[in-house]
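Here's structure19.cif, which has mmCIF, C-alpha atoms:
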data_data
#
loop_
_atom_site.label_atom_id
_atom_site.label_comp_id
_atom_site.auth_asym_id
_atom_site.auth_seq_id
_atom_site.Cartn_x
_atom_site.Cartn_y
_atom_site.Cartn_z
CA MET A 132 12.78 50.48 -138.76
CA HIS A 133 16.31 51.21 -137.71
CA PHE A 134 17.06 52.68 -134.27
CA THR A 135 20.63 53.91 -134.00
CA GLN A 136 22.55 53.99 -130.75
CA ALA A 137 22.18 57.77 -130.73
CA SER A 138 18.42 57.71 -131.23
CA ILE A 139 18.05 55.19 -128.41
CA ASN A 140 20.18 57.36 -126.10
CA ALA A 141 17.96 60.32 -126.94
CA LEU A 142 14.80 58.60 -125.68
CA ASP A 143 13.49 59.66 -122.27
CA SER A 144 14.45 57.15 -119.63
CA ARG A 145 11.01 55.54 -119.26
CA THR A 146 10.62 55.00 -123.02
CA ARG A 147 14.15 53.68 -123.28
CA ALA A 148 13.47 51.29 -120.39
CA HIS A 149 10.36 49.88 -122.11
CA PHE A 150 12.23 49.61 -125.41
CA ILE A 151 15.42 47.96 -124.18
CA ASN A 152 13.50 45.60 -121.88
CA SER A 153 11.68 44.27 -124.95
CA LEU A 154 14.84 43.26 -126.74
CA SER A 155 15.97 40.16 -124.87
CA GLY A 156 12.75 38.32 -125.74
CA PHE A 157 10.34 36.46 -123.47
CA LYS A 158 11.29 36.46 -119.81
CA SER A 159 10.50 34.15 -116.93
CA ALA A 160 8.11 35.25 -114.16
CA ASN A 161 9.07 34.15 -110.67
CA LEU A 162 8.32 35.26 -107.13
CA ILE A 163 11.31 35.27 -104.79
CA GLY A 164 10.41 34.42 -101.20
CA THR A 165 12.68 35.46 -98.31
CA GLN A 166 12.57 36.49 -94.71
CA ASP A 167 14.95 38.48 -92.56
CA GLN A 168 16.54 37.30 -89.36
CA GLN A 169 13.56 38.62 -87.38
CA GLY A 170 11.13 36.55 -89.44
CA ASN A 171 9.66 39.41 -91.50
CA THR A 172 8.67 37.79 -94.78
CA ASN A 173 9.26 39.36 -98.18
CA LEU A 174 8.11 38.57 -101.69
CA ALA A 175 9.25 40.09 -104.98
CA ILE A 176 8.51 39.37 -108.61
CA VAL A 177 11.54 39.09 -110.86
CA SER A 178 11.89 38.43 -114.58
CA SER A 179 15.59 37.71 -114.55
CA VAL A 180 15.90 34.13 -113.28
CA VAL A 181 17.91 32.16 -115.83
CA HIS A 182 19.12 28.56 -115.95
CA LEU A 183 22.84 28.24 -115.25
CA GLY A 184 23.46 24.49 -115.07
CA ALA A 185 21.96 21.08 -114.36
CA ASN A 186 24.82 19.42 -112.53
CA PRO A 187 25.13 20.88 -109.97
CA PRO A 188 21.66 22.42 -110.35
CA LEU A 189 22.20 26.18 -110.43
CA VAL A 190 20.08 29.21 -111.28
CA ALA A 191 21.27 32.76 -111.81
CA MET A 192 19.28 35.91 -111.10
CA ILE A 193 20.01 39.58 -111.81
CA MET A 194 18.81 42.10 -109.25
CA ARG A 195 18.58 45.84 -109.79
CA PRO A 196 21.23 48.16 -108.28
CA HIS A 197 21.33 48.33 -104.49
CA THR A 198 21.23 52.11 -104.53
CA VAL A 199 17.81 52.01 -102.87
CA PRO A 200 16.71 49.57 -100.14
CA ARG A 201 16.27 46.14 -101.67
CA HIS A 202 14.72 43.87 -99.05
CA THR A 203 14.88 40.68 -101.09
CA PHE A 204 18.55 41.17 -101.90
CA GLU A 205 19.43 42.08 -98.32
CA ASN A 206 17.54 39.07 -96.94
CA ILE A 207 19.34 36.74 -99.35
CA LYS A 208 22.73 38.17 -98.37
CA GLN A 209 21.95 37.93 -94.67
CA THR A 210 20.28 34.51 -94.52
CA GLY A 211 21.75 32.80 -97.57
CA VAL A 212 18.41 31.21 -98.50
CA TYR A 213 15.42 31.96 -100.72
CA THR A 214 12.61 30.30 -102.62
CA ILE A 215 11.77 30.64 -106.29
CA ASN A 216 8.09 30.26 -107.14
CA GLN A 217 6.82 30.22 -110.73
CA VAL A 218 4.01 32.68 -111.38
CA ASN A 219 0.84 31.24 -112.93
CA GLN A 220 -2.24 32.78 -114.52
CA SER A 221 -4.26 32.74 -111.29
CA ILE A 222 -1.78 34.93 -109.41
CA PHE A 223 0.03 37.11 -111.94
CA LYS A 224 -1.78 40.32 -110.96
CA GLN A 225 -0.99 39.75 -107.30
CA ALA A 226 2.57 38.84 -108.23
CA HIS A 227 2.96 42.08 -110.20
CA GLN A 228 1.74 44.03 -107.19
CA THR A 229 4.75 42.82 -105.19
CA SER A 230 6.84 45.26 -107.22
CA ALA A 231 5.27 48.20 -105.38
CA ARG A 232 7.39 49.83 -102.73
CA TYR A 233 6.55 48.46 -99.27
CA ASP A 234 8.31 49.19 -95.98
CA LYS A 235 10.59 46.60 -94.46
CA HIS A 236 8.00 45.47 -91.92
CA GLU A 237 5.21 45.24 -94.43
CA SER A 238 4.94 41.86 -96.04
CA GLU A 239 4.04 41.66 -99.72
CA PHE A 240 2.39 38.34 -98.84
CA GLU A 241 -0.22 40.17 -96.74
CA HIS A 242 -0.61 43.10 -99.10
CA THR A 243 -1.17 40.95 -102.18
CA GLY A 244 -3.17 38.12 -100.63
CA LEU A 245 -0.60 35.45 -101.44
CA THR A 246 -0.05 32.80 -98.78
CA THR A 247 3.19 31.82 -97.08
CA GLU A 248 4.03 28.15 -96.94
CA TYR A 249 6.91 26.52 -95.06
CA LEU A 250 8.17 23.19 -96.37
CA SER A 251 10.65 20.61 -95.10
CA GLY A 252 12.02 22.91 -92.43
CA PHE A 253 13.36 25.44 -94.93
CA THR A 254 13.56 28.92 -93.43
CA ALA A 255 12.46 31.01 -96.41
CA PRO A 256 8.73 31.04 -97.22
CA PHE A 257 7.23 29.51 -100.35
CA VAL A 258 4.14 30.82 -102.15
CA LYS A 259 1.33 28.35 -101.53
CA GLU A 260 -0.48 29.36 -104.76
CA SER A 261 2.57 28.58 -106.92
CA ARG A 262 2.50 25.21 -108.68
CA LEU A 263 6.24 24.80 -109.27
CA LYS A 264 8.64 26.11 -106.66
CA TYR A 265 12.01 25.27 -105.15
CA SER A 266 14.34 26.10 -102.30
CA VAL A 267 17.65 27.74 -103.14
CA LYS A 268 20.87 28.34 -101.23
CA LEU A 269 23.01 31.29 -102.26
CA ALA A 270 26.20 29.91 -103.81
CA GLU A 271 27.79 33.06 -105.18
CA HIS A 272 27.13 36.79 -105.31
CA GLN A 273 28.81 39.15 -107.75
CA HIS A 274 28.38 42.87 -107.96
CA LEU A 275 28.42 43.68 -111.67
CA ALA A 276 30.36 46.94 -111.70
CA ILE A 277 29.47 47.52 -115.35
CA ASN A 278 26.05 48.84 -114.31
CA GLY A 279 25.72 48.23 -110.58
CA THR A 280 23.41 45.23 -110.85
CA GLU A 281 23.80 42.19 -108.62
CA LEU A 282 24.29 38.65 -109.97
CA LEU A 283 23.11 35.99 -107.54
CA ILE A 284 23.83 32.33 -108.24
CA GLY A 285 21.91 29.79 -106.23
CA GLU A 286 21.99 26.06 -105.80
CA ILE A 287 18.62 24.34 -106.17
CA ILE A 288 17.79 22.11 -103.21
CA ASP A 289 14.21 20.76 -103.04
CA VAL A 290 11.63 21.03 -105.80
CA TYR A 291 7.86 20.99 -105.27
CA VAL A 292 5.54 20.60 -108.24
CA ASP A 293 1.93 19.63 -108.94
CA ASP A 294 1.37 15.90 -109.40
CA ASN A 295 1.45 14.69 -113.00
CA ALA A 296 3.42 17.66 -114.28
CA VAL A 297 6.75 15.89 -114.77
CA ALA A 298 7.13 13.72 -117.88
CA GLU A 299 9.13 10.50 -117.89
CA ASP A 300 12.09 12.16 -119.55
CA GLY A 301 12.19 14.86 -116.84
CA PHE A 302 10.53 17.61 -118.89
CA ILE A 303 8.04 19.70 -116.92
CA ASP A 304 5.04 21.01 -118.82
CA LEU A 305 4.99 24.66 -117.77
CA GLN A 306 2.00 25.35 -119.92
CA ALA A 307 -0.05 22.69 -118.12
CA LEU A 308 0.91 24.52 -114.91
CA ASP A 309 -0.37 27.80 -116.44
CA THR A 310 3.02 29.42 -115.89
CA VAL A 311 3.16 32.89 -117.44
CA ALA A 312 5.86 34.64 -119.45
CA VAL A 313 6.79 38.32 -119.37
CA THR A 314 7.78 40.83 -122.03
CA GLY A 315 9.18 44.26 -121.38
CA LEU A 316 8.54 45.68 -117.93
CA ASP A 317 4.88 44.88 -117.46
CA SER A 318 3.34 42.56 -120.05
CA TYR A 319 2.15 39.07 -119.08
CA HIS A 320 1.46 36.20 -121.47
CA SER A 321 0.09 32.71 -121.43
CA THR A 322 1.48 30.29 -123.98
CA HIS A 323 0.54 27.82 -126.67
CA LYS A 324 2.72 24.80 -127.45
CA LEU A 325 4.24 24.72 -130.92
CA ALA A 326 6.46 21.65 -130.67
CA ARG A 327 9.15 19.80 -128.79
CA LEU A 328 11.97 19.26 -131.25
CA PRO A 329 14.35 16.32 -131.13
CA TYR A 330 18.05 16.72 -130.38
CA ALA A 331 19.51 18.35 -133.50
CA LYS A 332 22.00 16.39 -135.62
CA MET B 199 5.24 16.02 -105.56
CA HIS B 200 8.42 16.66 -103.69
CA PHE B 201 11.81 16.05 -105.32
CA THR B 202 14.63 16.10 -102.79
CA GLN B 203 18.16 17.16 -103.64
CA ALA B 204 19.19 13.49 -103.36
CA SER B 205 16.50 12.23 -105.71
CA ILE B 206 17.43 14.89 -108.28
CA ASN B 207 21.11 13.90 -108.04
CA ALA B 208 20.12 10.28 -108.61
CA LEU B 209 18.48 11.03 -111.97
CA ASP B 210 20.45 10.10 -115.09
CA SER B 211 22.10 13.13 -116.59
CA ARG B 212 19.69 13.56 -119.52
CA THR B 213 16.59 13.38 -117.30
CA ARG B 214 18.15 15.76 -114.80
CA ALA B 215 19.01 18.17 -117.62
CA HIS B 216 15.38 18.21 -118.85
CA PHE B 217 14.11 18.60 -115.29
CA ILE B 218 16.42 21.37 -114.11
CA ASN B 219 16.07 23.27 -117.39
CA SER B 220 12.33 23.47 -116.77
CA LEU B 221 12.68 25.20 -113.42
CA SER B 222 13.69 28.74 -114.36
CA GLY B 223 10.46 29.26 -116.33
CA PHE B 224 9.98 30.53 -119.87
CA LYS B 225 13.18 31.37 -121.71
CA SER B 226 13.97 33.69 -124.61
CA ALA B 227 14.81 32.27 -128.05
CA ASN B 228 17.53 34.12 -129.92
CA LEU B 229 19.94 33.34 -132.72
CA ILE B 230 23.47 34.66 -132.21
CA GLY B 231 25.19 35.67 -135.44
CA THR B 232 28.98 35.88 -135.65
CA GLN B 233 31.81 35.39 -138.07
CA ASP B 234 35.47 34.63 -137.56
CA GLN B 235 38.37 36.72 -138.80
CA GLN B 236 38.36 34.78 -142.08
CA GLY B 237 34.69 35.61 -142.69
CA ASN B 238 33.26 32.16 -141.91
CA THR B 239 29.78 32.86 -140.58
CA ASN B 240 28.25 31.12 -137.60
CA LEU B 241 24.77 30.98 -136.12
CA ALA B 242 23.65 29.46 -132.84
CA ILE B 243 20.36 29.36 -130.98
CA VAL B 244 20.56 30.30 -127.31
CA SER B 245 17.90 30.49 -124.61
CA SER B 246 19.99 32.39 -122.09
CA VAL B 247 19.90 36.01 -123.27
CA VAL B 248 18.68 38.15 -120.38
CA HIS B 249 18.15 41.88 -119.94
CA LEU B 250 20.86 43.52 -117.84
CA GLY B 251 20.14 47.24 -118.07
CA ALA B 252 18.57 50.03 -120.12
CA ASN B 253 21.10 52.78 -119.56
CA PRO B 254 23.60 51.89 -120.90
CA PRO B 255 21.69 49.27 -122.89
CA LEU B 256 23.20 45.92 -121.90
CA VAL B 257 22.30 42.27 -122.39
CA ALA B 258 23.82 39.27 -120.66
CA MET B 259 24.12 35.78 -122.11
CA ILE B 260 25.30 32.50 -120.57
CA MET B 261 27.20 30.13 -122.83
CA ARG B 262 27.93 26.49 -122.06
CA PRO B 263 31.40 25.42 -120.88
CA HIS B 264 34.22 25.84 -123.37
CA THR B 265 35.38 22.27 -122.87
CA VAL B 266 34.41 21.46 -126.46
CA PRO B 267 34.85 23.77 -129.48
CA ARG B 268 32.34 26.61 -129.23
CA HIS B 269 32.51 28.58 -132.46
CA THR B 270 30.10 31.32 -131.43
CA PHE B 271 31.96 31.97 -128.18
CA GLU B 272 35.35 31.92 -129.90
CA ASN B 273 34.17 34.32 -132.61
CA ILE B 274 32.80 36.73 -130.03
CA LYS B 275 36.06 36.67 -128.07
CA GLN B 276 38.16 37.17 -131.22
CA THR B 277 36.08 39.82 -133.01
CA GLY B 278 34.25 41.47 -130.10
CA VAL B 279 31.00 41.70 -132.07
CA TYR B 280 27.81 39.69 -132.58
CA THR B 281 24.17 40.04 -133.50
CA ILE B 282 21.15 38.92 -131.52
CA ASN B 283 18.13 37.93 -133.60
CA GLN B 284 14.79 37.04 -132.04
CA VAL B 285 13.38 33.71 -133.23
CA ASN B 286 9.85 33.77 -134.62
CA GLN B 287 7.30 31.09 -135.49
CA SER B 288 8.34 30.92 -139.17
CA ILE B 289 11.93 29.97 -138.38
CA PHE B 290 11.98 28.19 -135.03
CA LYS B 291 12.61 24.73 -136.52
CA GLN B 292 15.52 26.05 -138.57
CA ALA B 293 16.77 27.95 -135.52
CA HIS B 294 16.67 24.76 -133.43
CA GLN B 295 18.70 22.98 -136.08
CA THR B 296 21.61 25.39 -135.50
CA SER B 297 22.27 23.52 -132.26
CA ALA B 298 23.57 20.52 -134.21
CA ARG B 299 27.31 20.08 -134.30
CA TYR B 300 28.79 21.58 -137.46
CA ASP B 301 32.48 21.94 -138.36
CA LYS B 302 34.12 25.34 -138.16
CA HIS B 303 33.94 25.90 -141.91
CA GLU B 304 30.35 24.83 -142.21
CA SER B 305 27.91 27.66 -141.77
CA GLU B 306 24.67 27.03 -139.92
CA PHE B 307 23.20 29.69 -142.19
CA GLU B 308 23.66 27.42 -145.21
CA HIS B 309 22.71 24.21 -143.43
CA THR B 310 19.46 25.60 -142.03
CA GLY B 311 18.40 27.80 -144.93
CA LEU B 312 18.53 31.03 -142.93
CA THR B 313 19.88 34.07 -144.76
CA THR B 314 22.77 36.29 -143.77
CA GLU B 315 22.18 40.02 -143.81
CA TYR B 316 24.78 42.76 -143.30
CA LEU B 317 23.51 46.10 -141.97
CA SER B 318 25.10 49.50 -141.48
CA GLY B 319 28.61 48.20 -141.99
CA PHE B 320 28.49 45.94 -138.95
CA THR B 321 30.84 42.97 -139.33
CA ALA B 322 28.73 40.23 -137.78
CA PRO B 323 25.85 38.84 -139.87
CA PHE B 324 22.18 39.31 -138.99
CA VAL B 325 19.43 36.81 -139.77
CA LYS B 326 17.30 38.28 -142.54
CA GLU B 327 14.22 36.29 -141.46
CA SER B 328 14.31 37.69 -137.93
CA ARG B 329 11.92 40.58 -137.26
CA LEU B 330 13.68 42.12 -134.26
CA LYS B 331 17.45 42.06 -134.14
CA TYR B 332 20.33 44.17 -132.92
CA SER B 333 24.08 44.57 -133.10
CA VAL B 334 26.08 44.02 -129.93
CA LYS B 335 29.65 44.81 -128.86
CA LEU B 336 31.20 42.61 -126.21
CA ALA B 337 31.63 44.74 -123.08
CA GLU B 338 32.69 42.12 -120.54
CA HIS B 339 33.41 38.40 -120.38
CA GLN B 340 33.49 36.40 -117.18
CA HIS B 341 34.32 32.75 -116.79
CA LEU B 342 31.98 31.48 -114.08
CA ALA B 343 34.23 29.07 -112.22
CA ILE B 344 31.29 27.72 -110.25
CA ASN B 345 30.34 25.50 -113.20
CA GLY B 346 32.58 26.50 -116.09
CA THR B 347 29.97 28.51 -117.98
CA GLU B 348 30.78 31.80 -119.68
CA LEU B 349 28.96 35.04 -118.92
CA LEU B 350 29.06 37.49 -121.82
CA ILE B 351 27.81 41.04 -121.36
CA GLY B 352 27.21 43.08 -124.47
CA GLU B 353 26.33 46.64 -125.25
CA ILE B 354 23.41 47.07 -127.65
CA ILE B 355 24.27 49.31 -130.60
CA ASP B 356 21.71 49.41 -133.46
CA VAL B 357 18.24 47.90 -133.36
CA TYR B 358 16.27 46.77 -136.40
CA VAL B 359 12.59 45.92 -136.07
CA ASP B 360 9.53 45.55 -138.29
CA ASP B 361 7.61 48.76 -138.90
CA ASN B 362 4.69 49.40 -136.55
CA ALA B 363 6.00 47.09 -133.84
CA VAL B 364 7.12 49.79 -131.40
CA ALA B 365 4.44 51.48 -129.30
CA GLU B 366 4.61 55.16 -128.33
CA ASP B 367 5.83 54.33 -124.86
CA GLY B 368 8.69 52.24 -126.26
CA PHE B 369 7.11 48.84 -125.61
CA ILE B 370 7.66 46.35 -128.44
CA ASP B 371 4.88 43.84 -129.06
CA LEU B 372 6.80 40.59 -129.31
CA GLN B 373 3.64 38.64 -129.84
CA ALA B 374 2.79 40.71 -132.93
CA LEU B 375 6.27 39.78 -134.19
CA ASP B 376 5.47 36.08 -133.58
CA THR B 377 8.50 35.77 -131.31
CA VAL B 378 8.62 32.36 -129.63
CA ALA B 379 9.45 31.33 -126.09
CA VAL B 380 11.30 28.21 -124.95
CA THR B 381 10.85 25.81 -122.06
CA GLY B 382 13.31 23.17 -121.02
CA LEU B 383 15.85 22.14 -123.63
CA ASP B 384 13.64 21.75 -126.66
CA SER B 385 10.07 23.02 -126.32
CA TYR B 386 8.87 26.01 -128.33
CA HIS B 387 5.80 28.13 -127.61
CA SER B 388 3.83 30.94 -129.11
CA THR B 389 2.07 33.27 -126.70
CA HIS B 390 -1.24 34.87 -125.88
CA LYS B 391 -1.44 38.30 -124.24
CA LEU B 392 -2.99 38.37 -120.80
CA ALA B 393 -2.46 42.02 -119.82
CA ARG B 394 -0.04 44.90 -119.47
CA LEU B 395 -0.25 45.98 -115.86
CA PRO B 396 0.35 49.51 -114.65
CA TYR B 397 3.31 50.48 -112.50
CA ALA B 398 2.54 48.99 -109.07
CA LYS B 399 1.94 51.33 -106.13
#
Spell out the structure here as structure tokens.
Amino acid sequence: MHFTQASINALDSRTRAHFINSLSGFKSANLIGTQDQQGNTNLAIVSSVVHLGANPPLVAMIMRPHTVPRHTFENIKQTGVYTINQVNQSIFKQAHQTSARYDKHESEFEHTGLTTEYLSGFTAPFVKESRLKYSVKLAEHQHLAINGTELLIGEIIDVYVDDNAVAEDGFIDLQALDTVAVTGLDSYHSTHKLARLPYAK
Amino acid sequence: MHFTQASINALDSRTRAHFINSLSGFKSANLIGTQDQQGNTNLAIVSSVVHLGANPPLVAMIMRPHTVPRHTFENIKQTGVYTINQVNQSIFKQAHQTSARYDKHESEFEHTGLTTEYLSGFTAPFVKESRLKYSVKLAEHQHLAINGTELLIGEIIDVYVDDNAVAEDGFIDLQALDTVAVTGLDSYHSTHKLARLPYAK
């Protein structure tokens, strides 16, 4: 089937959102942990965390336009710190629930039954139930004028992962950690290993 | 296990690359089709395509630093057009092979046995064996000085997908298309549906 630019434009906005969100492929599923300067914690699921570089270790994240209150984004801008917590099969329904609209003083942690965890003196809260998580310092923020989204680039600081999950060559077996993948706006998947392929020559 | 910033820095570069590339979670697997102004075709697998917006329909992609010849990046900058082709289980080994270093006049299409396909008069070649693919016009390019990577933002034009893959609400079943996901630098996965969850309230 061929969908032209015009036919895509003609879709109602919800259908177009489902359709276009399917195009990029499988997405990561991460919970972003923050708190504001008063200590109110916040948790939000995002599917836009993407690897930027290994040296220095950097991750990028796209956040939706700041045309409505965005507590996670505001906390990151104000405090400069956040945690990234991979979502696994045991918690994906609770993680999805963090995308509901809560007031600033309501914590998604409480409303979804996920547990805050503070590690190594880092100010932003981790998700105790996550099996691979890391602290991040905001390194760069860019407002993408092309569509009003926000690009946040963070430097990875400390990494916490289940014992026995890291192979000798540094590879981490996300499937053994039951990490989930996302498609579209709302579909969650577990995975099945096909192969690790050698460096191509 | 706790990996401090210092212990991560102390890893050799290959181990650190495997480790840090595992942190963002599951990644998309797409083949980027381009050709230069002389008609030499090029194909490259990337795991960095990420959804940017549905209206207008935009995708972002991170490309590695242009400190060595990068034919895909150069073709996109010169011609302004490319195709994005989701990688499926039948072709993931061939797709991986596109990451080997080929000369400018060698086409990854020929070397990997993937087939060029030209659709609707669009200049850049599609991958015939891909089941969900779309034409893209370069909308914005940013050099990310923080680590020398290149951020390319493209506008989605025409979409081509297998019949019966698009649900009424616009959702595309990537699993039914056998689209694969990536972890780390070299690990490929098929998926298993857990659930589509309703809009959170």
- [ ] For CA of Asp167 (chain A) and CA of Pro188 (chain A), determine how far apart the two atoms are, in Å to one decimal place.
- [x]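 Calculated distance between CA of Asp167 (chain A) and CA of Pro188 (chain A) is 24.9 Å.
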- [ ] Please write as a list in words the full residue list that the PyMOL selection byres ((chain B and resi 385) around 6) yields on this file.
- [x] Ala326 and Arg327 of chain A; Val380, Thr381, Asp384 and Tyr386 of chain B
May I have the residues within 12 Å of Ala226 (chain A) as a PDB file with C-alpha atoms, keeping the file's coordinate frame, using all atoms listed in the file and disregarding those fewer than 5 positions away in the same chain?
ATOM      1  CA  ALA A 160       8.110  35.250-114.160  1.00  0.00           C
ATOM      2  CA  ASN A 161       9.070  34.150-110.670  1.00  0.00           C
ATOM      3  CA  LEU A 162       8.320  35.260-107.130  1.00  0.00           C
ATOM      4  CA  ILE A 163      11.310  35.270-104.790  1.00  0.00           C
ATOM      5  CA  GLY A 164      10.410  34.420-101.200  1.00  0.00           C
ATOM      6  CA  LEU A 174       8.110  38.570-101.690  1.00  0.00           C
ATOM      7  CA  ALA A 175       9.250  40.090-104.980  1.00  0.00           C
ATOM      8  CA  ILE A 176       8.510  39.370-108.610  1.00  0.00           C
ATOM      9  CA  VAL A 177      11.540  39.090-110.860  1.00  0.00           C
ATOM     10  CA  SER A 178      11.890  38.430-114.580  1.00  0.00           C
ATOM     11  CA  ASN A 216       8.090  30.260-107.140  1.00  0.00           C
ATOM     12  CA  GLN A 217       6.820  30.220-110.730  1.00  0.00           C
ATOM     13  CA  VAL A 218       4.010  32.680-111.380  1.00  0.00           C
ATOM     14  CA  ASN A 219       0.840  31.240-112.930  1.00  0.00           C
ATOM     15  CA  GLN A 220      -2.240  32.780-114.520  1.00  0.00           C
ATOM     16  CA  SER A 221      -4.260  32.740-111.290  1.00  0.00           C
ATOM     17  CA  ALA A 231       5.270  48.200-105.380  1.00  0.00           C
ATOM     18  CA  GLU A 239       4.040  41.660 -99.720  1.00  0.00           C
ATOM     19  CA  PHE A 240       2.390  38.340 -98.840  1.00  0.00           C
ATOM     20  CA  GLU A 241      -0.220  40.170 -96.740  1.00  0.00           C
ATOM     21  CA  HIS A 242      -0.610  43.100 -99.100  1.00  0.00           C
ATOM     22  CA  THR A 243      -1.170  40.950-102.180  1.00  0.00           C
ATOM     23  CA  GLY A 244      -3.170  38.120-100.630  1.00  0.00           C
ATOM     24  CA  LEU A 245      -0.600  35.450-101.440  1.00  0.00           C
ATOM     25  CA  THR A 246      -0.050  32.800 -98.780  1.00  0.00           C
ATOM     26  CA  VAL A 258       4.140  30.820-102.150  1.00  0.00           C
ATOM     27  CA  GLU A 260      -0.480  29.360-104.760  1.00  0.00           C
ATOM     28  CA  SER A 261       2.570  28.580-106.920  1.00  0.00           C
ATOM     29  CA  VAL A 311       3.160  32.890-117.440  1.00  0.00           C
ATOM     30  CA  VAL A 313       6.790  38.320-119.370  1.00  0.00           C
ATOM     31  CA  ASP A 317       4.880  44.880-117.460  1.00  0.00           C
ATOM     32  CA  TYR A 319       2.150  39.070-119.080  1.00  0.00           C
TER      33      TYR A 319
ATOM     34  CA  LEU B 395      -0.250  45.980-115.860  1.00  0.00           C
ATOM     35  CA  ALA B 398       2.540  48.990-109.070  1.00  0.00           C
TER      36      ALA B 398
END
TODO: Expand the PyMOL selection byres ((chain A and resi 301) around 9) into the individual residues it matches in the shown file, reporting them as a ChimeraX atom specification.
DONE: /A:297-300,302-303 /B:209,212-218,220
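Separating CA of Arg268 (chain B) from CA of His249 (chain B) is a distance of 22.8 Å.
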Open item on the list: Taking all atoms listed in the file into account, name the residue in B:Ser205, B:Ser222, B:Thr314, B:Asn238 that is nearest to chain A.
Closed with: B:Ser222
Which residues are close to Leu308 (chain A), i.e. within 8 Å by all atoms listed in the file, leaving aside same-chain residues fewer than 6 positions away? Reply as an mmCIF file with C-alpha atoms, in the frame of the given file.
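Ended up saving to result.cif:
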data_model
loop_
_atom_site.group_PDB
_atom_site.id
_atom_site.type_symbol
_atom_site.label_atom_id
_atom_site.label_comp_id
_atom_site.auth_asym_id
_atom_site.auth_seq_id
_atom_site.Cartn_x
_atom_site.Cartn_y
_atom_site.Cartn_z
ATOM 1 C CA ASN A 219 0.840 31.240 -112.930
ATOM 2 C CA ARG A 262 2.500 25.210 -108.680
ATOM 3 C CA LEU A 263 6.240 24.800 -109.270
ATOM 4 C CA ASP A 293 1.930 19.630 -108.940
ATOM 5 C CA ALA A 296 3.420 17.660 -114.280
#
Open item on the list: To one decimal place in Å, what is the distance between CA of Asp289 (chain A) and CA of Leu383 (chain B)?
Closed with: 20.7 Å
Task: Nearest to Thr277 (chain B) by atom-to-atom distance, counting only C-alpha atoms, from B:Gly237, B:Pro254, B:Gly382, B:Pro263 - done: B:Gly237
Open item on the list: So, with only C-alpha atoms as the atoms that count, which of B:Gln233, B:Ile282, B:Ala252, B:Asp376 lies closest to chain A?
Closed with: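 Using only C-alpha atoms, the shortest distance to chain A belongs to B:Ala252.
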Please report, as AutoDock Vina command-line options, the centre and edge lengths in Å to one decimal of an axis-aligned box covering all listed atoms of region 263-273 of chain B with 5 Å per side.
--center_x 32.7 --center_y 27.9 --center_z -126.7 --size_x 15.3 --size_y 22.9 --size_z 21.7
Open item on the list: So that I can check the surroundings of region 251-253 of chain A, please list as JSON, numbers by chain every protein, DNA and RNA residue that reaches within 12 Å of it, counting all atoms listed in the file and ignoring chain neighbours fewer than 2 positions away.
Closed with: {"A": [164, 165, 166, 210, 211, 212, 213, 214, 248, 249, 255, 256, 257, 265, 266, 267, 268, 288, 289, 290, 291], "B": [200, 201, 202, 203]}
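Between Ser159 (chain A) and the residues B:Gly352, B:Asn207, B:Ala379, B:Gln373, the shortest atom-to-atom distance, using only C-alpha atoms, involves B:Ala379.
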